[in-house]
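So this block is structure-v3.cif, mmCIF, C-alpha atoms:
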data_entry
loop_
_atom_site.label_atom_id
_atom_site.label_comp_id
_atom_site.auth_asym_id
_atom_site.auth_seq_id
_atom_site.Cartn_x
_atom_site.Cartn_y
_atom_site.Cartn_z
CA MET A 29 -45.20 4.75 39.64
CA ILE A 30 -42.62 7.44 40.26
CA HIS A 31 -40.15 4.86 41.56
CA ASN A 32 -40.67 2.65 38.51
CA SER A 33 -39.68 5.49 36.17
CA ASN A 34 -36.64 6.18 38.38
CA ALA A 35 -35.48 2.66 37.86
CA GLN A 36 -35.78 2.97 34.09
CA MET A 37 -33.90 6.22 34.19
CA TYR A 38 -30.98 4.49 35.88
CA THR A 39 -30.88 1.81 33.18
CA LEU A 40 -30.92 4.35 30.39
CA GLU A 41 -28.17 6.34 32.08
CA GLY A 42 -26.14 3.17 32.55
CA ILE A 43 -26.41 2.29 28.87
CA ALA A 44 -25.69 5.86 27.81
CA THR A 45 -22.59 5.96 30.03
CA ALA A 46 -21.38 2.61 28.76
CA VAL A 47 -21.83 3.70 25.13
CA LEU A 48 -19.96 6.92 25.88
CA MET A 49 -17.12 5.00 27.55
CA ILE A 50 -16.79 2.56 24.63
CA GLY A 51 -16.87 5.50 22.24
CA VAL A 52 -14.08 7.23 24.10
CA VAL A 53 -11.98 4.03 24.26
CA ILE A 54 -12.40 3.42 20.48
CA PHE A 55 -11.53 7.04 19.78
CA ILE A 56 -8.36 6.90 21.88
CA VAL A 57 -7.23 3.57 20.42
CA LYS A 58 -7.77 4.83 16.87
CA ALA A 59 -6.12 8.17 17.54
CA ALA A 60 -3.00 6.91 19.33
CA PRO A 61 -0.23 6.39 16.77
CA LEU A 62 0.56 2.73 17.38
CA THR A 63 3.15 2.26 14.66
CA PRO A 64 6.40 0.30 14.50
CA LEU A 65 8.02 3.48 15.80
CA THR A 66 6.20 3.32 19.10
CA ALA A 67 8.68 2.23 21.71
CA SER A 68 7.71 -1.35 22.41
CA TYR A 69 9.28 -4.79 22.25
CA LEU A 70 7.67 -5.27 18.84
CA HIS A 71 9.91 -2.96 16.91
CA GLN A 72 12.99 -4.84 18.01
CA SER A 73 13.12 -6.47 14.56
CA VAL A 74 12.95 -3.01 13.00
CA GLU A 75 15.96 -1.92 15.05
CA GLU A 76 17.77 -5.13 14.11
CA GLN A 77 17.18 -4.30 10.46
CA ILE A 78 18.84 -0.88 10.62
CA GLU A 79 21.67 -2.32 12.70
CA THR A 80 22.27 -4.93 9.95
CA TRP A 81 22.13 -2.26 7.26
CA GLY A 82 24.53 -0.03 9.18
CA ASN A 83 27.06 -2.82 9.68
CA ASP A 84 26.70 -3.93 6.05
CA LEU A 85 27.21 -0.41 4.76
CA LEU A 86 30.34 0.16 6.87
CA THR A 87 31.70 -3.24 5.74
CA VAL A 88 31.02 -2.44 2.09
CA MET A 89 32.53 1.05 2.38
CA ASP A 90 35.61 -0.34 4.10
CA TYR A 91 36.28 -2.74 1.20
CA VAL A 92 39.62 -2.13 -0.49
CA PRO A 93 39.36 -2.71 -4.27
CA GLU A 94 42.32 -4.45 -5.88
CA ASP A 95 43.54 -1.39 -7.74
CA SER A 96 43.39 0.92 -4.77
CA LEU A 97 45.41 1.41 -1.59
CA ASN A 98 42.70 2.45 0.85
CA SER A 99 38.99 1.80 1.21
CA GLN A 100 36.44 4.47 0.38
CA LEU A 101 35.73 4.92 4.07
CA LYS A 102 39.38 5.48 4.97
CA GLN A 103 39.94 7.80 2.00
CA SER A 104 37.02 9.98 3.01
CA ILE A 105 38.25 10.22 6.61
CA LEU A 106 41.74 11.12 5.45
CA ALA A 107 40.33 13.84 3.18
CA TRP A 108 38.19 15.40 5.93
CA LYS A 109 39.11 19.01 6.78
CA GLY A 110 37.45 19.09 10.19
CA GLN A 111 34.15 20.65 9.18
CA GLU A 112 30.78 19.50 10.52
CA PHE A 113 28.13 19.20 7.81
CA ASP A 114 24.63 19.75 9.17
CA GLY A 115 21.52 18.39 7.47
CA GLN A 116 21.52 18.99 3.72
CA ALA A 117 24.72 21.06 3.66
CA GLN A 118 27.03 20.54 0.67
CA VAL A 119 29.66 18.00 1.71
CA ILE A 120 33.24 18.62 0.56
CA PRO A 121 35.77 17.34 -0.49
CA GLN A 122 34.69 14.94 -3.25
CA THR A 123 35.81 11.72 -1.52
CA LEU A 124 33.81 12.54 1.60
CA ASN A 125 30.88 13.57 -0.57
CA LEU A 126 30.88 10.04 -2.06
CA THR A 127 30.49 8.53 1.40
CA ALA A 128 27.80 11.06 2.28
CA SER A 129 25.83 10.19 -0.86
CA SER A 130 26.10 6.45 -0.10
CA LEU A 131 24.65 7.11 3.35
CA LYS A 132 21.91 9.24 1.85
CA GLU A 133 21.09 6.62 -0.77
CA VAL A 134 20.72 3.81 1.76
CA PHE A 135 19.30 5.60 4.81
CA GLY A 136 18.17 9.12 3.93
CA ASN A 137 15.83 7.92 1.21
CA SER A 138 14.18 5.28 3.44
CA GLY A 139 13.31 7.60 6.30
CA ILE A 140 16.27 6.75 8.51
CA ALA A 141 18.26 9.61 10.02
CA TYR A 142 22.00 9.24 10.62
CA ASP A 143 24.91 10.93 12.34
CA LEU A 144 28.48 10.13 11.37
CA GLU A 145 31.09 10.75 14.06
CA LEU A 146 34.76 10.07 14.56
CA SER A 147 36.08 9.01 17.92
CA PHE A 148 39.81 8.84 18.61
CA SER A 149 42.31 8.82 21.45
CA THR A 150 44.09 11.97 22.50
CA PRO A 151 46.65 12.37 25.31
CA SER A 152 43.82 13.81 27.46
CA GLY A 153 41.28 11.08 26.68
CA ILE A 154 38.79 10.10 24.00
CA SER A 155 37.66 12.89 21.70
CA THR A 156 34.58 12.73 19.46
CA ARG A 157 33.93 14.92 16.43
CA ALA A 158 30.86 14.92 14.17
CA ILE A 159 31.28 14.84 10.40
CA LEU A 160 27.66 14.52 9.31
CA TRP A 161 25.08 15.75 11.80
CA ASN A 162 21.32 15.36 11.37
CA GLY A 163 20.28 16.19 14.92
CA ARG A 164 20.08 14.55 18.30
CA PRO A 165 19.21 10.85 17.94
CA SER A 166 15.97 9.50 19.38
CA ASP A 167 15.86 7.18 22.40
CA ASN A 168 15.72 4.03 20.26
CA ALA A 169 18.69 4.87 18.05
CA VAL A 170 21.19 2.20 17.02
CA ILE A 171 24.96 2.76 16.91
CA VAL A 172 27.25 0.75 14.62
CA ASN A 173 30.98 1.30 14.39
CA ARG A 174 34.09 0.33 12.50
CA LYS A 175 37.69 0.95 13.45
CA VAL A 176 40.13 2.41 10.97
CA ILE A 177 43.88 2.41 11.60
CA ILE A 178 45.81 5.47 10.48
CA HIS A 179 49.56 5.47 9.82
CA ASN A 180 51.90 8.43 9.57
CA GLU A 181 52.07 8.37 5.78
CA ASP A 182 48.25 8.30 5.51
CA ILE A 183 47.76 11.58 7.31
CA SER A 184 50.77 13.61 6.13
CA PRO A 185 49.01 15.04 2.99
CA ASN A 186 46.26 16.57 5.18
CA PRO A 187 47.75 18.91 7.84
CA THR A 188 44.27 20.13 8.90
CA LEU A 189 43.37 16.61 9.98
CA SER A 190 46.66 15.97 11.76
CA ALA A 191 45.91 19.08 13.84
CA ILE A 192 42.66 17.43 14.99
CA ILE A 193 43.76 13.81 15.40
CA PRO A 194 46.99 13.57 17.41
CA ASP A 195 49.86 11.14 16.81
CA MET A 196 49.62 8.62 19.64
CA ASP A 197 53.04 7.10 19.02
CA SER A 198 55.64 9.36 17.46
CA SER A 199 58.38 6.71 17.62
CA THR A 200 56.64 4.35 15.17
CA LYS A 201 54.66 4.66 11.95
CA PHE A 202 51.47 4.05 13.91
CA TYR A 203 49.45 7.26 14.12
CA ASN A 204 46.05 6.62 15.72
CA ILE A 205 42.96 4.43 15.60
CA VAL A 206 39.76 6.13 14.54
CA ASP A 207 36.43 4.70 15.55
CA VAL A 208 33.89 5.57 12.87
CA ARG A 209 30.51 5.71 14.57
CA LEU A 210 27.25 5.70 12.67
CA THR A 211 24.14 6.48 14.71
CA LEU A 212 20.89 5.44 13.04
CA TRP A 213 17.28 6.02 13.97
CA TRP A 214 13.89 6.06 12.31
CA ILE A 215 12.26 9.43 11.83
CA MET B 17 -45.66 1.67 52.66
CA THR B 18 -42.62 3.77 51.84
CA ARG B 19 -40.33 0.92 52.76
CA LYS B 20 -41.99 -1.44 50.28
CA GLU B 21 -41.46 1.02 47.39
CA ILE B 22 -37.75 1.38 48.20
CA ASN B 23 -37.42 -2.38 48.08
CA ASN B 24 -38.96 -2.32 44.59
CA CYS B 25 -36.30 0.14 43.49
CA GLU B 26 -33.50 -2.00 44.82
CA GLY B 27 -34.84 -4.94 42.88
CA LEU B 28 -34.74 -2.97 39.66
CA ILE B 29 -31.21 -1.67 40.26
CA SER B 30 -29.84 -5.19 40.06
CA ILE B 31 -31.02 -5.26 36.42
CA ASP B 32 -29.08 -2.06 35.83
CA TYR B 33 -26.10 -3.76 37.33
CA ILE B 34 -26.42 -6.76 34.99
CA VAL B 35 -26.74 -4.52 31.93
CA GLY B 36 -23.81 -2.38 33.09
CA ILE B 37 -21.47 -5.25 33.85
CA SER B 38 -22.27 -7.06 30.59
CA ILE B 39 -21.53 -3.92 28.57
CA PHE B 40 -18.33 -3.53 30.57
CA ILE B 41 -17.26 -7.12 29.87
CA ILE B 42 -18.14 -6.75 26.18
CA SER B 43 -16.06 -3.57 25.99
CA ILE B 44 -13.06 -5.31 27.63
CA PHE B 45 -13.38 -8.19 25.16
CA PHE B 46 -13.62 -5.71 22.30
CA LEU B 47 -10.57 -3.78 23.48
CA PHE B 48 -8.54 -6.98 23.84
CA ASN B 49 -9.53 -8.01 20.32
CA ILE B 50 -8.64 -4.65 18.80
CA LEU B 51 -5.30 -4.34 20.59
CA THR B 52 -4.00 -7.76 19.58
CA SER B 53 -5.04 -7.40 15.96
CA MET B 54 -3.28 -4.03 15.84
CA PHE B 55 0.12 -5.57 16.43
CA ILE B 56 -0.20 -8.46 13.98
CA PRO B 57 0.98 -6.53 10.90
CA PHE B 58 4.28 -5.81 12.63
CA GLU B 59 5.28 -9.27 13.70
CA SER B 60 6.06 -12.41 11.82
CA THR B 61 3.81 -15.38 12.62
CA SER B 62 6.71 -17.12 14.21
CA ASP B 63 10.20 -16.04 15.10
CA GLU B 64 11.30 -19.26 13.43
CA LEU B 65 10.73 -17.84 9.94
CA LYS B 66 12.61 -14.63 10.75
CA ALA B 67 15.49 -16.70 12.09
CA MET B 68 15.53 -18.71 8.85
CA SER B 69 15.59 -15.66 6.60
CA ASN B 70 18.34 -14.17 8.78
CA ARG B 71 20.38 -17.35 8.61
CA ILE B 72 20.04 -17.76 4.84
CA SER B 73 21.00 -14.14 4.19
CA THR B 74 23.99 -14.46 6.51
CA THR B 75 25.12 -17.64 4.71
CA LEU B 76 24.81 -15.92 1.34
CA VAL B 77 26.54 -12.69 2.36
CA GLU B 78 29.19 -13.79 4.85
CA SER B 79 30.23 -17.32 3.90
CA PRO B 80 32.28 -18.56 0.93
CA SER B 81 29.62 -21.26 0.46
CA GLY B 82 27.24 -18.40 -0.35
CA LEU B 83 27.82 -15.57 -2.79
CA ILE B 84 31.23 -14.31 -1.69
CA THR B 85 34.65 -15.66 -2.62
CA ASN B 86 36.75 -14.56 0.33
CA ALA B 87 35.56 -14.87 3.92
CA LEU B 88 37.82 -11.95 4.84
CA SER B 89 35.81 -9.58 2.69
CA PRO B 90 32.14 -10.26 3.45
CA ASN B 91 29.34 -8.51 1.53
CA ILE B 92 31.50 -8.39 -1.63
CA ILE B 93 29.61 -10.70 -3.99
CA ASP B 94 30.96 -12.66 -6.91
CA PRO B 95 28.90 -12.39 -10.16
CA ALA B 96 29.69 -16.02 -11.11
CA LYS B 97 28.27 -17.32 -7.83
CA VAL B 98 25.25 -15.05 -8.18
CA SER B 99 24.36 -16.46 -11.59
CA GLU B 100 24.94 -20.00 -10.32
CA LEU B 101 22.44 -19.38 -7.49
CA ASN B 102 20.01 -17.76 -9.92
CA GLU B 103 20.23 -20.77 -12.21
CA SER B 104 19.58 -23.32 -9.47
CA LEU B 105 16.68 -21.31 -8.04
CA ASN B 106 15.00 -21.20 -11.44
CA ASN B 107 15.70 -24.82 -12.37
CA PRO B 108 13.07 -27.21 -10.88
CA LEU B 109 15.60 -30.06 -10.92
CA LYS B 110 18.14 -28.21 -8.80
CA PHE B 111 15.72 -26.21 -6.66
CA ASP B 112 15.17 -28.82 -3.93
CA VAL B 113 18.88 -29.48 -3.62
CA LYS B 114 19.49 -25.74 -3.21
CA MET B 115 16.73 -25.52 -0.59
CA ALA B 116 18.36 -28.37 1.36
CA GLU B 117 21.72 -26.62 1.03
CA LEU B 118 20.21 -23.48 2.53
CA GLY B 119 18.68 -25.51 5.36
CA LEU B 120 15.07 -25.21 4.27
CA TYR B 121 14.43 -28.88 3.54
CA SER B 122 12.04 -30.62 5.88
CA SER B 123 9.87 -33.68 5.32
CA GLU B 124 7.05 -32.24 7.46
CA THR B 125 6.91 -28.58 6.46
CA LYS B 126 7.21 -27.16 2.99
CA TYR B 127 8.94 -23.81 3.31
CA LYS B 128 8.87 -21.32 0.49
CA LEU B 129 11.71 -19.06 -0.50
CA ASN B 130 12.31 -16.04 -2.69
CA ILE B 131 15.70 -14.42 -3.18
CA SER B 132 16.32 -11.30 -5.23
CA LEU B 133 19.06 -8.78 -5.89
CA ASN B 134 17.75 -5.23 -6.11
CA TYR B 135 18.95 -1.69 -6.41
CA ILE B 136 18.87 0.24 -3.13
CA ASN B 137 15.61 1.89 -4.25
CA GLY B 138 13.96 -1.54 -4.65
CA ASP B 139 14.06 -2.06 -8.44
CA ILE B 140 15.30 -5.45 -9.62
CA TYR B 141 18.96 -5.36 -10.68
CA LYS B 142 19.38 -6.57 -14.23
CA ALA B 143 22.41 -8.01 -16.00
CA GLY B 144 21.58 -7.24 -19.61
CA SER B 145 17.84 -7.69 -19.98
CA ASN B 146 17.29 -10.43 -17.38
CA PRO B 147 17.31 -10.05 -13.61
CA MET B 148 20.72 -11.02 -12.26
CA LEU B 149 19.18 -12.85 -9.29
CA LEU B 150 15.47 -13.46 -8.89
CA GLY B 151 14.22 -16.90 -7.94
CA GLY B 152 11.81 -18.95 -5.92
CA GLN B 153 8.06 -18.69 -5.47
CA LEU B 154 6.02 -15.52 -5.18
CA PRO B 155 4.51 -14.79 -1.76
CA ASP B 156 0.74 -15.21 -1.41
CA GLU B 157 -1.20 -12.13 -0.57
CA TYR B 158 -2.35 -13.28 2.86
CA THR B 159 0.72 -14.93 4.35
CA ASN B 160 3.13 -13.53 6.85
CA VAL B 161 6.48 -13.36 5.12
CA ALA B 162 9.77 -13.03 6.99
CA LYS B 163 12.12 -10.77 5.05
CA THR B 164 15.76 -9.95 5.64
CA SER B 165 17.60 -7.48 3.45
CA ARG B 166 21.36 -7.05 3.34
CA ILE B 167 23.52 -4.49 1.60
CA VAL B 168 26.09 -6.04 -0.73
CA TYR B 169 28.71 -4.67 -3.10
CA LEU B 170 29.20 -5.81 -6.67
CA PRO B 171 32.81 -4.90 -7.62
CA SER B 172 32.31 -5.63 -11.34
CA ASP B 173 29.77 -2.79 -11.45
CA SER B 174 31.18 -0.75 -8.50
CA ARG B 175 27.69 -0.63 -7.09
CA MET B 176 25.91 -1.19 -3.79
CA LEU B 177 22.90 -3.49 -4.06
CA MET B 178 20.28 -4.91 -1.74
CA LEU B 179 19.94 -8.68 -1.33
CA GLU B 180 16.47 -9.66 -0.18
CA VAL B 181 15.60 -13.05 1.27
CA LYS B 182 11.96 -13.91 1.94
CA VAL B 183 10.83 -17.07 3.73
CA TRP B 184 7.26 -18.16 4.42
CA LEU B 185 5.17 -21.23 4.95
#
Render the structure in this file as structure tokens.
Amino acid sequence: MIHNSNAQMYTLEGIATAVLMIGVVIFIVKAAPLTPLTASYLHQSVEEQIETWGNDLLTVMDYVPEDSLNSQLKQSILAWKGQEFDGQAQVIPQTLNLTASSLKEVFGNSGIAYDLELSFSTPSGISTRAILWNGRPSDNAVIVNRKVIIHNEDISPNPTLSAIIPDMDSSTKFYNIVDVRLTLWWI
Amino acid sequence: MTRKEINNCEGLISIDYIVGISIFIISIFFLFNILTSMFIPFESTSDELKAMSNRISTTLVESPSGLITNALSPNIIDPAKVSELNESLNNPLKFDVKMAELGLYSSETKYKLNISLNYINGDIYKAGSNPMLLGGQLPDEYTNVAKTSRIVYLPSDSRMLMLEVKVWL
């Protein structure tokens, strides 16, 4: 009699444990944020999308309209005074502000964070300076870039910039090549 | 006497084991079901559709046979070519020819296509009162749609726009 009830006790405990375990598993699965942001092979297409947008945006910004000498991208680099603009800081001068608002329109408003950096050669090696900085990128960030060639006459109106970017060939009109790097990641 | 009772217990424990293992198997099955269905919203039914929408958008944005005039300046779209595409997408007589041109013609499978030109915030871009480019079918509610969006520049309006290509079965 006693042993019979023991046996039933084991069954009930077994069922109770199993129900508890299933409950815990469901709770964990529901609670874990499995979104497209979770690092997995599935959000590869999401990364591809921001890479496409980044490349498209740099291409569009580097378009030279018929009535103008330089593209918007090049103009804003040439107008840069060497300041780093963090987060929502007011971006000056006006030409650079135009580029910053394009970036904000395309990426900032869709939940994509971005850093805009310039990379250029110096006699002591490659130097990188940030123009727009929104923080350290996440592990699954995407970098797109576009190279802009600068000549002597481009940079002469902006002595602040020529103090930052050195002339790599003083014997010719070639000044330097700037690599515009845009780092993009979902936030 | 005692020995016999212990044997009874052992016999009953095997029922516990059956109940336990079946619950365990059911929970594994359940977990498998839940995990796979969780990922479905984030992937296209087949990579084939995504490849098609990618290819069509690349043709439109980077090739002179698409919406641009000069292959050296991709993403800069020509309004005349945009309205030509819009016309053929909305004309039943020219639609199939356009589909074949974009590589979506197949005798076995009937692909569906929707192309639109939007503002960056998603609103349809209008030339006058009509959408400048909006054509094709409308996606059903329960289909997986492959979508590719590209940023383009319209020099006549000095404006950045978003070209969206959707392909589904």
Which residues would end up in the selection if the PyMOL selection byres ((chain B and resi 106) around 12) were applied here, given that I need the answer as a list in words?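 Selected by the PyMOL selection byres ((chain B and resi 106) around 12) in this file: Ser99, Glu100, Leu101, Asn102, Glu103, Ser104, Leu105, Asn107, Pro108, Leu109, Lys110, Phe111, Asp112, Lys114, Met115, Leu129, Asn130, Ile131, Ser132, Pro147, Met148, Leu149, Leu150, Gly151, Gly152 and Gln153 of chain B.
Comparing A:Glu41, A:Asp84, A:Glu76, A:Glu181 by their smallest distance to chain B, the closest is A:Asp84 (using only C-alpha atoms).
Across A:Leu85, A:Phe55, A:Leu40, A:Asn204, the tightest approach to Phe135 (chain A) is made by A:Leu85 when counting only C-alpha atoms.
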Option closest in space to Gln111 (chain A), from A:Ile183, A:Ile54, A:Val92, A:Ala158 [counting all atoms listed in the file]: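 The shortest atom-to-atom distance to Gln111 (chain A) comes from A:Ala158.
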One decimal, in Å: what's the spacing between CA of Asp182 (chain A) and CA of Trp108 (chain A)?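 So the two atoms, CA of Asp182 (chain A) and CA of Trp108 (chain A), lie 12.3 Å apart.
Pairwise distance (CA of Glu112 (chain A), CA of Gln77 (chain A)) equals 27.4 Å.
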Any idea what's packed within 12 Å of Glu180 (chain B), counting only C-alpha atoms, ignoring anything in its chain fewer than 4 positions away? Could you give it as a count of residues only? 33
To verify the selection step, state as a PyMOL selection string which residues the PyMOL selection byres ((chain A and resi 121-125) around 7) yields on this input. chain A and resi 103-104+107-108+119-120+126-129
If I take CA of Ala67 (chain B) and CA of Leu210 (chain A), how far is one from the other in Å, to one decimal?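 So the answer is 25.3 Å.
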Thr87 (chain A) surroundings by all atoms listed in the file, 12 Å radius, close-in-sequence under 6 positions cut, as number ranges by chain: A: 80-81, 99-102, 172-176, 208; B: 77-78, 88-92, 166-169, 176
Write the residues you've just listed into a file as a PDB file, in the frame of the given file, and include C-alpha atoms for each of them.
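Writing the result to out06.pdb gives the following:
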ATOM      1  CA  THR A  80      22.270  -4.930   9.950  1.00  0.00           C
ATOM      2  CA  TRP A  81      22.130  -2.260   7.260  1.00  0.00           C
ATOM      3  CA  SER A  99      38.990   1.800   1.210  1.00  0.00           C
ATOM      4  CA  GLN A 100      36.440   4.470   0.380  1.00  0.00           C
ATOM      5  CA  LEU A 101      35.730   4.920   4.070  1.00  0.00           C
ATOM      6  CA  LYS A 102      39.380   5.480   4.970  1.00  0.00           C
ATOM      7  CA  VAL A 172      27.250   0.750  14.620  1.00  0.00           C
ATOM      8  CA  ASN A 173      30.980   1.300  14.390  1.00  0.00           C
ATOM      9  CA  ARG A 174      34.090   0.330  12.500  1.00  0.00           C
ATOM     10  CA  LYS A 175      37.690   0.950  13.450  1.00  0.00           C
ATOM     11  CA  VAL A 176      40.130   2.410  10.970  1.00  0.00           C
ATOM     12  CA  VAL A 208      33.890   5.570  12.870  1.00  0.00           C
TER      13      VAL A 208
ATOM     14  CA  VAL B  77      26.540 -12.690   2.360  1.00  0.00           C
ATOM     15  CA  GLU B  78      29.190 -13.790   4.850  1.00  0.00           C
ATOM     16  CA  LEU B  88      37.820 -11.950   4.840  1.00  0.00           C
ATOM     17  CA  SER B  89      35.810  -9.580   2.690  1.00  0.00           C
ATOM     18  CA  PRO B  90      32.140 -10.260   3.450  1.00  0.00           C
ATOM     19  CA  ASN B  91      29.340  -8.510   1.530  1.00  0.00           C
ATOM     20  CA  ILE B  92      31.500  -8.390  -1.630  1.00  0.00           C
ATOM     21  CA  ARG B 166      21.360  -7.050   3.340  1.00  0.00           C
ATOM     22  CA  ILE B 167      23.520  -4.490   1.600  1.00  0.00           C
ATOM     23  CA  VAL B 168      26.090  -6.040  -0.730  1.00  0.00           C
ATOM     24  CA  TYR B 169      28.710  -4.670  -3.100  1.00  0.00           C
ATOM     25  CA  MET B 176      25.910  -1.190  -3.790  1.00  0.00           C
TER      26      MET B 176
END
Which residues are close to region 193-197 of chain A, i.e. within 12 Å by all atoms listed in the file, leaving aside same-chain residues fewer than 6 positions away? Reply as a PyMOL selection string. chain A and resi 105-106+108-110+146-157+177-184+186-187+203-207
Can you list what the PyMOL selection byres ((chain A and resi 213) around 9) grabs from this structure, as a list in words?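 When the PyMOL selection byres ((chain A and resi 213) around 9) is applied to the shown file, the picked residues are Glu75, Ile78, Gly139, Ile140, Ala141, Tyr142, Pro165, Ser166, Asp167, Asn168, Ala169, Val170, Ile171, Thr211, Leu212, Trp214 and Ile215 of chain A.
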Between A:Arg164, A:Lys58, A:Arg209, A:Lys201, single out the one closest to chain B, counting all atoms listed in the file.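 That would be A:Lys58, the residue with the smallest distance to chain B.
Among the candidate residues A:Trp161, A:Phe202, A:Phe113, A:Tyr91, the one lying nearest to chain B is A:Tyr91, with distances computed using all atoms listed in the file.
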Would you mind telling me which residue in B:Ser81, B:Met68, B:Ile50, B:Ser38 lies nearest to Tyr121 (chain B) when using all atoms listed in the file? B:Met68
